[in-house]
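Peer 1: File target.cif below, mmCIF, C-alpha atoms:
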```
data_query
loop_
_atom_site.label_atom_id
_atom_site.label_comp_id
_atom_site.auth_asym_id
_atom_site.auth_seq_id
_atom_site.Cartn_x
_atom_site.Cartn_y
_atom_site.Cartn_z
CA MET O 1253 121.48 -15.72 11.08
CA LEU O 1254 118.82 -16.05 13.76
CA ARG O 1255 117.03 -12.94 12.53
CA ALA O 1256 117.08 -14.24 9.00
CA SER O 1257 115.54 -17.56 10.01
CA ILE O 1258 112.85 -15.81 12.08
CA ARG O 1259 112.07 -13.59 9.11
CA PHE O 1260 111.87 -16.67 6.90
CA ALA O 1261 109.57 -18.41 9.36
CA LEU O 1262 107.30 -15.36 9.45
CA LEU O 1263 107.21 -15.27 5.68
CA VAL O 1264 106.24 -18.94 5.55
CA LEU O 1265 103.51 -18.37 8.15
CA CYS O 1266 102.14 -15.42 6.23
CA ILE O 1267 102.00 -17.34 2.98
CA ALA O 1268 100.44 -20.36 4.68
CA GLY O 1269 97.87 -18.16 6.43
CA TRP O 1270 97.02 -16.38 3.20
CA SER O 1271 96.55 -19.57 1.23
CA VAL O 1272 94.35 -21.11 3.94
CA SER O 1273 92.13 -18.04 4.05
CA ALA O 1274 92.03 -17.95 0.27
CA LEU O 1275 90.75 -21.54 0.25
CA SER O 1276 88.11 -20.87 2.85
CA VAL O 1277 86.47 -18.11 0.82
CA ALA O 1278 86.19 -20.23 -2.31
CA VAL O 1279 83.05 -18.68 -3.79
CA ASP O 1280 81.06 -20.12 -6.67
CA ARG O 1281 81.64 -18.76 -10.14
CA PRO O 1282 79.23 -15.90 -10.73
CA LEU O 1283 77.18 -15.54 -13.90
CA GLU O 1284 78.80 -13.39 -16.57
CA ASP O 1285 75.90 -10.99 -16.86
CA PRO O 1286 75.93 -8.92 -13.63
CA ALA O 1287 72.18 -8.30 -13.85
CA GLN O 1288 71.49 -12.04 -14.03
CA GLU O 1289 73.96 -12.67 -11.20
CA ALA O 1290 72.18 -10.06 -9.07
CA ARG O 1291 68.86 -11.78 -9.72
CA ALA O 1292 70.36 -15.16 -8.83
CA ARG O 1293 71.78 -13.76 -5.59
CA ALA O 1294 68.43 -12.19 -4.67
CA ASN O 1295 66.77 -15.58 -5.21
CA HIS O 1296 69.43 -17.36 -3.15
CA LYS O 1297 68.57 -15.12 -0.20
CA GLN O 1298 64.92 -16.23 -0.31
CA LEU O 1299 65.68 -19.94 -0.24
CA ARG O 1300 66.25 -21.80 2.98
CA CYS O 1301 69.10 -24.27 3.22
CA LEU O 1302 67.87 -27.79 3.96
CA VAL O 1303 71.04 -28.80 5.76
CA CYS O 1304 71.84 -25.73 7.88
CA GLN O 1305 68.22 -24.99 8.61
CA ASN O 1306 67.33 -21.31 9.04
CA GLN O 1307 70.26 -20.16 6.96
CA SER O 1308 69.60 -19.10 3.40
CA ILE O 1309 71.42 -21.00 0.67
CA GLU O 1310 73.30 -17.76 0.06
CA ASP O 1311 74.75 -17.90 3.59
CA SER O 1312 75.23 -21.64 3.96
CA ASN O 1313 78.46 -23.51 3.32
CA ALA O 1314 76.68 -26.86 2.90
CA THR O 1315 77.40 -28.61 -0.39
CA LEU O 1316 73.68 -28.97 -1.06
CA ALA O 1317 73.32 -25.19 -0.66
CA ARG O 1318 76.08 -24.75 -3.22
CA ASP O 1319 74.38 -27.20 -5.59
CA LEU O 1320 71.12 -25.29 -5.21
CA ARG O 1321 72.87 -21.96 -5.87
CA LEU O 1322 74.28 -23.40 -9.08
CA LEU O 1323 70.86 -24.76 -9.98
CA VAL O 1324 69.21 -21.35 -9.52
CA ARG O 1325 71.92 -19.80 -11.71
CA ASP O 1326 71.30 -22.47 -14.36
CA ARG O 1327 67.56 -21.80 -14.28
CA ILE O 1328 68.14 -18.09 -14.74
CA LEU O 1329 70.59 -18.73 -17.57
CA ALA O 1330 67.95 -20.96 -19.15
CA GLY O 1331 65.63 -17.94 -19.21
CA ASP O 1332 63.48 -18.58 -16.13
CA THR O 1333 61.85 -15.65 -14.38
CA ASP O 1334 62.61 -15.24 -10.67
CA GLN O 1335 59.26 -16.79 -9.79
CA ALA O 1336 59.85 -19.75 -12.09
CA ALA O 1337 63.33 -20.35 -10.66
CA ILE O 1338 61.96 -20.33 -7.11
CA ARG O 1339 59.02 -22.52 -8.13
CA TYR O 1340 61.48 -25.02 -9.61
CA ILE O 1341 63.06 -25.49 -6.18
CA VAL O 1342 59.71 -25.45 -4.34
CA GLU O 1343 58.39 -28.24 -6.61
CA ARG O 1344 61.18 -30.44 -5.28
CA TYR O 1345 61.47 -29.41 -1.65
CA GLY O 1346 58.11 -27.80 -0.85
CA ASP O 1347 57.17 -24.50 0.76
CA TRP O 1348 59.59 -25.42 3.52
CA VAL O 1349 62.48 -23.96 1.49
CA LEU O 1350 60.88 -20.52 1.38
CA LEU O 1351 62.20 -18.28 4.14
CA LYS O 1352 59.04 -16.20 3.70
CA PRO O 1353 56.08 -18.60 3.85
CA PRO O 1354 53.29 -17.94 1.31
CA VAL O 1355 49.83 -16.87 2.48
CA LYS O 1356 47.70 -20.01 2.31
CA ALA O 1357 44.88 -21.59 4.27
CA GLY O 1358 47.42 -23.41 6.42
CA THR O 1359 49.54 -20.34 7.12
CA ILE O 1360 46.80 -17.74 7.54
CA PHE O 1361 47.09 -17.78 11.35
CA LEU O 1362 50.83 -17.23 11.03
CA TRP O 1363 50.24 -14.09 9.00
CA ALA O 1364 47.08 -12.78 10.67
CA GLY O 1365 47.93 -13.98 14.19
CA PRO O 1366 49.95 -10.98 15.39
CA ALA O 1367 47.33 -8.48 14.14
CA VAL O 1368 44.49 -10.52 15.66
CA ILE O 1369 46.25 -10.78 19.02
CA LEU O 1370 47.03 -7.05 18.99
CA MET O 1371 43.39 -6.18 18.27
CA LEU O 1372 42.26 -8.56 21.01
CA ALA O 1373 44.66 -6.92 23.46
CA ILE O 1374 43.41 -3.42 22.55
CA VAL O 1375 39.78 -4.49 22.98
CA LEU O 1376 40.50 -6.16 26.34
CA ILE O 1377 42.42 -3.14 27.65
CA ALA O 1378 39.60 -0.82 26.52
CA LEU O 1379 37.02 -3.01 28.26
CA TRP O 1380 39.11 -3.14 31.40
CA TYR O 1381 39.40 0.66 31.57
CA ARG O 1382 35.69 1.07 30.88
CA ARG O 1383 34.89 -1.24 33.77
CA ARG O 1384 37.12 0.75 36.12
CA GLY O 1385 35.55 3.99 34.88
CA GLY O 1386 38.69 5.12 33.10
CA PRO O 1387 42.05 6.04 34.60
CA ALA O 1388 41.20 9.72 35.27
CA GLY O 1389 37.54 9.60 36.18
CA ARG O 1390 37.96 6.82 38.70
CA THR O 1391 35.33 6.99 41.43
CA VAL O 1392 36.51 6.62 44.99
CA GLU O 1393 34.17 4.86 47.33
CA PRO O 1394 33.29 6.96 50.38
CA LEU O 1395 34.54 5.74 53.75
CA SER O 1396 32.05 4.08 56.00
CA LEU O 1397 31.17 5.68 59.33
CA ASP O 1398 33.46 3.29 61.25
CA GLU O 1399 36.35 4.03 58.93
CA GLN O 1400 35.81 7.77 59.25
CA ASN O 1401 35.91 7.52 63.05
CA ARG O 1402 39.05 5.38 62.93
CA LEU O 1403 40.72 7.84 60.60
CA LYS O 1404 39.90 10.66 62.98
CA ASP O 1405 41.45 8.72 65.86
CA LEU O 1406 44.59 8.03 63.92
CA LEU O 1407 44.99 11.63 62.85
CA GLY O 1408 44.58 12.74 66.43
CA ASP O 1409 41.46 14.80 65.71
CA GLY O 1410 39.83 13.28 68.75
CA ASP O 1411 42.41 14.87 71.13
CA ARG O 1412 42.16 18.34 69.70
CA SER O 1413 38.40 18.66 69.85
CA MET M 247 27.69 1.94 41.90
CA SER M 248 24.22 1.10 43.15
CA ASN M 249 25.64 -1.51 45.51
CA PRO M 250 29.27 -0.71 46.31
CA ILE M 251 29.79 -3.58 48.71
CA ALA M 252 28.57 -6.21 46.25
CA GLU M 253 30.72 -4.60 43.56
CA GLN M 254 33.77 -4.74 45.81
CA GLY M 255 33.02 -8.37 46.66
CA SER M 256 32.89 -9.46 43.02
CA ARG M 257 36.16 -7.65 42.29
CA ARG M 258 37.86 -9.42 45.19
CA HIS M 259 36.55 -12.71 43.88
CA TRP M 260 38.13 -11.87 40.54
CA LEU M 261 41.45 -10.91 42.10
CA ARG M 262 41.72 -14.25 43.84
CA LEU M 263 42.38 -15.82 40.42
CA VAL M 264 45.37 -13.58 39.72
CA PRO M 265 47.98 -15.92 41.31
CA LEU M 266 46.83 -18.57 38.86
CA VAL M 267 47.95 -16.47 35.88
CA PRO M 268 51.65 -17.53 36.01
CA LEU M 269 50.56 -21.13 36.41
CA VAL M 270 48.35 -20.93 33.33
CA ILE M 271 51.15 -19.28 31.32
CA ALA M 272 53.60 -21.95 32.51
CA LEU M 273 51.15 -24.71 31.51
CA VAL M 274 50.65 -23.24 28.04
CA ILE M 275 54.39 -22.84 27.42
CA GLY M 276 55.03 -26.27 28.95
CA GLY M 277 52.40 -27.77 26.64
CA PHE M 278 54.13 -26.37 23.60
CA LEU M 279 57.55 -27.53 24.79
CA PHE M 280 56.19 -31.00 25.57
CA ALA M 281 54.66 -31.29 22.11
CA GLY M 282 58.00 -30.14 20.68
CA LEU M 283 59.78 -33.11 22.24
CA ASN M 284 58.18 -35.43 19.72
CA LEU M 285 58.68 -33.23 16.68
CA ARG M 286 61.55 -33.89 14.33
CA PRO M 287 62.41 -30.58 12.72
CA LYS M 288 65.30 -32.21 10.87
CA GLU M 289 62.84 -34.34 8.91
CA ILE M 290 61.41 -32.16 6.20
CA PRO M 291 58.25 -33.67 4.73
CA SER M 292 58.60 -34.52 1.05
CA VAL M 293 56.26 -32.86 -1.44
CA LEU M 294 56.80 -35.69 -3.90
CA ILE M 295 54.73 -38.25 -1.98
CA GLY M 296 51.96 -39.54 -4.22
CA LYS M 297 53.57 -38.09 -7.32
CA ALA M 298 55.23 -39.87 -10.20
CA VAL M 299 58.94 -40.52 -9.94
CA PRO M 300 60.88 -37.64 -11.56
CA ASP M 301 62.12 -38.06 -15.12
CA PHE M 302 65.73 -39.12 -14.96
CA GLU M 303 68.32 -41.30 -16.56
CA LEU M 304 71.48 -42.28 -14.70
CA PRO M 305 74.45 -44.25 -16.01
CA PRO M 306 75.67 -47.35 -14.16
CA LEU M 307 78.68 -47.33 -11.87
CA PRO M 308 81.92 -48.18 -13.70
CA GLY M 309 82.18 -51.95 -14.00
CA ARG M 310 78.59 -52.56 -12.95
CA PRO M 311 76.01 -53.45 -15.59
CA ARG M 312 72.69 -51.74 -14.95
CA GLY M 313 72.03 -47.99 -14.57
CA LEU M 314 68.77 -46.52 -13.30
CA THR M 315 66.06 -44.65 -15.20
CA THR M 316 62.45 -43.67 -14.63
CA ALA M 317 61.25 -46.57 -16.81
CA ASP M 318 63.06 -49.09 -14.58
CA LEU M 319 60.84 -48.13 -11.66
CA LYS M 320 57.62 -49.19 -13.38
CA GLY M 321 56.22 -52.69 -13.30
CA GLU M 322 56.82 -53.72 -9.71
CA VAL M 323 57.03 -52.32 -6.19
CA SER M 324 60.59 -51.34 -5.36
CA LEU M 325 62.78 -49.45 -2.95
CA VAL M 326 65.18 -46.74 -4.06
CA ASN M 327 68.01 -46.20 -1.62
CA VAL M 328 70.11 -43.03 -1.82
CA PHE M 329 73.61 -43.94 -0.68
CA ALA M 330 77.24 -42.87 -0.95
CA SER M 331 80.57 -44.34 0.03
CA TRP M 332 81.30 -41.22 2.11
CA CYS M 333 78.10 -41.66 4.10
CA VAL M 334 78.70 -43.16 7.53
CA SER M 335 75.13 -44.01 8.49
CA CYS M 336 74.68 -45.81 5.16
CA ARG M 337 76.86 -48.53 6.65
CA ALA M 338 74.45 -48.89 9.55
CA GLU M 339 71.50 -49.72 7.30
CA HIS M 340 73.48 -51.68 4.72
CA PRO M 341 73.16 -55.16 6.35
CA LEU M 342 69.37 -54.76 6.21
CA PHE M 343 69.46 -54.26 2.47
CA MET M 344 71.75 -57.29 2.16
CA LYS M 345 69.13 -59.32 4.04
CA LEU M 346 66.32 -57.91 1.87
CA GLN M 347 68.18 -58.93 -1.24
CA ALA M 348 68.87 -62.42 0.11
CA SER M 349 65.19 -62.92 0.99
CA GLY M 350 64.04 -61.47 -2.32
CA VAL M 351 61.10 -59.65 -0.71
CA VAL M 352 61.49 -56.51 -2.76
CA PRO M 353 64.02 -55.28 -5.33
CA VAL M 354 66.26 -52.51 -4.00
CA HIS M 355 67.73 -49.99 -6.41
CA GLY M 356 70.57 -47.67 -5.53
CA LEU M 357 70.97 -43.99 -6.24
CA ASN M 358 74.66 -43.33 -5.72
CA TYR M 359 74.66 -39.69 -4.65
CA LYS M 360 77.64 -37.39 -5.37
CA ASP M 361 80.19 -40.14 -5.15
CA GLU M 362 83.20 -41.21 -7.11
CA GLY M 363 82.55 -44.29 -9.22
CA SER M 364 85.64 -46.13 -8.05
CA ALA M 365 84.98 -45.28 -4.38
CA ALA M 366 81.38 -46.47 -4.69
CA MET M 367 82.45 -49.74 -6.34
CA GLY M 368 85.07 -50.31 -3.63
CA TRP M 369 82.45 -49.69 -0.98
CA LEU M 370 80.06 -52.21 -2.58
CA ARG M 371 82.84 -54.79 -2.79
CA ARG M 372 83.70 -54.31 0.87
CA HIS M 373 80.19 -54.27 2.32
CA GLY M 374 78.31 -56.30 -0.26
CA ASP M 375 76.14 -55.23 -3.19
CA PRO M 376 72.42 -55.57 -2.42
CA TYR M 377 71.23 -53.49 -5.35
CA ASP M 378 69.40 -54.57 -8.46
CA ARG M 379 70.22 -51.41 -10.41
CA VAL M 380 72.45 -48.50 -9.37
CA GLY M 381 72.43 -45.07 -11.00
CA ALA M 382 75.47 -42.86 -10.53
CA ASP M 383 74.40 -39.29 -9.76
CA LEU M 384 77.79 -37.60 -9.87
CA LYS M 385 76.53 -34.01 -9.75
CA GLY M 386 73.61 -34.62 -7.44
CA ARG M 387 71.09 -33.06 -9.83
CA VAL M 388 68.88 -36.15 -9.94
CA GLY M 389 69.06 -36.23 -6.15
CA ILE M 390 67.66 -32.70 -6.11
CA ASP M 391 64.89 -33.81 -8.49
CA TRP M 392 63.99 -36.46 -5.92
CA GLY M 393 64.06 -33.87 -3.13
CA VAL M 394 67.06 -35.50 -1.50
CA TYR M 395 68.71 -33.33 1.15
CA GLY M 396 70.79 -35.87 3.03
CA VAL M 397 72.12 -39.39 2.74
CA PRO M 398 70.78 -42.00 3.35
CA GLU M 399 67.21 -41.60 2.22
CA THR M 400 64.97 -44.40 0.98
CA PHE M 401 61.91 -44.16 -1.24
CA LEU M 402 59.15 -46.72 -1.62
CA VAL M 403 57.96 -46.72 -5.23
CA SER M 404 54.71 -48.33 -6.39
CA ALA M 405 54.39 -50.56 -9.44
CA GLU M 406 53.02 -47.57 -11.38
CA GLY M 407 56.19 -45.63 -10.62
CA ARG M 408 54.65 -43.39 -7.95
CA ILE M 409 56.55 -42.32 -4.82
CA VAL M 410 54.59 -43.76 -1.91
CA CYS M 411 56.87 -43.15 1.02
CA LYS M 412 60.12 -41.47 1.93
CA HIS M 413 62.31 -42.55 4.81
CA ILE M 414 64.88 -40.01 5.98
CA GLY M 415 68.00 -41.37 7.64
CA PRO M 416 69.18 -44.96 8.04
CA ILE M 417 66.53 -47.67 7.98
CA MET M 418 66.33 -49.80 11.10
CA GLN M 419 64.71 -53.21 11.43
CA ARG M 420 61.80 -51.50 13.18
CA ASP M 421 61.14 -49.19 10.19
CA LEU M 422 61.15 -52.18 7.91
CA ASP M 423 58.80 -54.27 10.07
CA ASP M 424 56.39 -51.49 11.07
CA LYS M 425 56.30 -49.39 7.95
CA LEU M 426 57.92 -50.55 4.75
CA LEU M 427 57.06 -54.26 4.66
CA PRO M 428 53.35 -53.76 5.53
CA PHE M 429 53.21 -51.00 2.93
CA ILE M 430 54.78 -53.21 0.27
CA LYS M 431 52.24 -55.92 1.10
CA ALA M 432 49.35 -53.45 0.89
CA LEU M 433 50.62 -52.08 -2.43
CA ARG M 434 50.82 -55.57 -3.92
CA GLU M 435 47.27 -56.27 -2.79
CA GLY M 436 46.13 -53.20 -4.70
CA GLY M 437 45.78 -50.92 -1.68
CA THR M 438 46.88 -47.31 -1.47
CA PRO M 439 48.73 -46.95 1.84
CA GLN M 440 49.34 -43.40 3.02
CA CYS M 441 52.62 -42.39 4.56
#
```
Output the file's structure as structure tokens, nothing else.

Peer 2:
Amino acid sequence: MLRASIRFALLVLCIAGWSVSALSVAVDRPLEDPAQEARARANHKQLRCLVCQNQSIEDSNATLARDLRLLVRDRILAGDTDQAAIRYIVERYGDWVLLKPPVKAGTIFLWAGPAVILMLAIVLIALWYRRRGGPAGRTVEPLSLDEQNRLKDLLGDGDRS
Amino acid sequence: MSNPIAEQGSRRHWLRLVPLVPLVIALVIGGFLFAGLNLRPKEIPSVLIGKAVPDFELPPLPGRPRGLTTADLKGEVSLVNVFASWCVSCRAEHPLFMKLQASGVVPVHGLNYKDEGSAAMGWLRRHGDPYDRVGADLKGRVGIDWGVYGVPETFLVSAEGRIVCKHIGPIMQRDLDDKLLPFIKALREGGTPQC
């Protein structure tokens, strides 16, 4: 009797757990043409969610992200190219929604910055080594007479002579 | 190496600045962090400022006479408030719109975003209905056309049907006094205020 009720309770828990997890992975209805669906998904990954910033709309659970996923699918169904579908969203929300910012006058430092800083670092390091005469060919300044005498004292040369 | 002592002296002079390096780095980073305090990354600038209102046509809420279309936003300066009955901060700004309506300063239109008609009507009955026209955007597509990404948002629209300004989040008395009302005045006097 007890075992039966425990078994029943476990069964109930399993079913409840399954249904809850089934609800939580409620995905949107994909497009019927797998090629179109793949294009839609690729576009979703390039678009930034406006609610959960720094997530793509593909990754975000926000309702707006879901609406935008559906919108991209609709655009592709309507015959838009990938660029046109993305442009459709950008016209409404701006370059901000692009996870990869376009190269423009305002973003040129963003794109060129790392290369410029790297070049600058290489030039500075080269100049620094040149000034020091290079790591291998470093010149050592000769000791002054006082220093030579002191060194002799310390090494005990004075006693031996 | 013509003058080793002078050379050594200048290098020492140089080395004396080394302890300042961490300080300089800290100041630079601190400067960026300080500037960041006043940035609002949650407020995404709208690309629709200065552009014509998107083409749209929304039906009225059930039991309420007037819907909202692009043509309704031409002819006089108006505010378009994106609201929903499920939106908590909409309640915070709602009394201000009630006051605006009572004073008749500017017509306020509502864009009821992703709401149920009956819930929206119940909400307006409970808190008061300050809107001239209300369009019901059940699917949120028109909201997307307006670049809406959260509720509430409020747009200032010129008499020519151009989006002049977008306010993200609930409107406070301060926003009204410092921004919207002076802008409305300037628009009516034929100016072109910039947001």

Peer 1: Could you tell me which of M:Pro398, M:Gly321, M:Pro287, M:Gly350 comes closest to chain O if we count only C-alpha atoms?

Peer 2: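 Among the listed residues, the smallest separation from chain O belongs to M:Pro287.
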
Peer 1: As an exercise, work out the distance from CA of Pro376 (chain M) to CA of Arg337 (chain M) in Å and give it to one decimal place.

Peer 2: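 Atom-to-atom, CA of Pro376 (chain M) to CA of Arg337 (chain M), that is 12.3 Å.
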
Peer 1: List as JSON lines every residue of chain M that is in contact with chain O, defined as an atom at most 8 Å from one of its atoms (using all atoms listed in the file), together with the nearest atom pair and the distance in Å rounded to one decimal, sorted by chain and then rising number.

Peer 2:
```
{"residue": "M:Pro250", "atom": "CA", "partner": "O:Glu1393", "partner_atom": "CA", "distance": 7.5}
{"residue": "M:Ile290", "atom": "CA", "partner": "O:Trp1348", "partner_atom": "CA", "distance": 7.5}
{"residue": "M:Ser292", "atom": "CA", "partner": "O:Tyr1345", "partner_atom": "CA", "distance": 6.5}
{"residue": "M:Val293", "atom": "CA", "partner": "O:Gly1346", "partner_atom": "CA", "distance": 5.4}
{"residue": "M:Leu294", "atom": "CA", "partner": "O:Arg1344", "partner_atom": "CA", "distance": 7.0}
{"residue": "M:Gly386", "atom": "CA", "partner": "O:Asp1319", "partner_atom": "CA", "distance": 7.7}
{"residue": "M:Arg387", "atom": "CA", "partner": "O:Asp1319", "partner_atom": "CA", "distance": 7.9}
{"residue": "M:Ile390", "atom": "CA", "partner": "O:Arg1344", "partner_atom": "CA", "distance": 6.9}
{"residue": "M:Asp391", "atom": "CA", "partner": "O:Arg1344", "partner_atom": "CA", "distance": 6.0}
{"residue": "M:Trp392", "atom": "CA", "partner": "O:Arg1344", "partner_atom": "CA", "distance": 6.7}
{"residue": "M:Gly393", "atom": "CA", "partner": "O:Arg1344", "partner_atom": "CA", "distance": 5.0}
{"residue": "M:Tyr395", "atom": "CA", "partner": "O:Leu1302", "partner_atom": "CA", "distance": 6.3}
{"residue": "M:Gly396", "atom": "CA", "partner": "O:Val1303", "partner_atom": "CA", "distance": 7.6}
```

Peer 1: Take the selection from the previous step and output its residues with C-alpha atoms, as a JSON list (two decimals), in the frame of the given file.

Peer 2:
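Below you can see again.json, which holds the result:
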```json
[["chain", "number", "residue", "atom", "x", "y", "z"],
["M", 250, "PRO", "CA", 29.27, -0.71, 46.31],
["M", 290, "ILE", "CA", 61.41, -32.16, 6.20],
["M", 292, "SER", "CA", 58.60, -34.52, 1.05],
["M", 293, "VAL", "CA", 56.26, -32.86, -1.44],
["M", 294, "LEU", "CA", 56.80, -35.69, -3.90],
["M", 386, "GLY", "CA", 73.61, -34.62, -7.44],
["M", 387, "ARG", "CA", 71.09, -33.06, -9.83],
["M", 390, "ILE", "CA", 67.66, -32.70, -6.11],
["M", 391, "ASP", "CA", 64.89, -33.81, -8.49],
["M", 392, "TRP", "CA", 63.99, -36.46, -5.92],
["M", 393, "GLY", "CA", 64.06, -33.87, -3.13],
["M", 395, "TYR", "CA", 68.71, -33.33, 1.15],
["M", 396, "GLY", "CA", 70.79, -35.87, 3.03]]
```

Peer 1: Mind giving me the straight-line distance from CA of Leu307 (chain M) to CA of Phe343 (chain M) in Å, one decimal?

Peer 2: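 Distance reported for this atom pair: 18.4 Å.
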
Peer 1: Pick the closest to Asp378 (chain M) from M:Arg286, M:His259, M:Arg310, M:His355: which is it, counting only C-alpha atoms?

Peer 2: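 Checking each of M:Arg286, M:His259, M:Arg310, M:His355 against Asp378 (chain M), counting only C-alpha atoms, the winner is M:His355.
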
Peer 1: Just checking: using all atoms listed in the file, which residue out of M:Arg434, M:Arg420, M:Lys412, M:His373 ends up closest to Val351 (chain M)?

Peer 2: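 Using all atoms listed in the file, the shortest distance to Val351 (chain M) belongs to M:Arg434.
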
Peer 1: Interatomic distance between CA of Glu322 (chain M) and CA of Val380 (chain M)?

Peer 2: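 Result for CA of Glu322 (chain M) versus CA of Val380 (chain M): 16.5 Å, one decimal.
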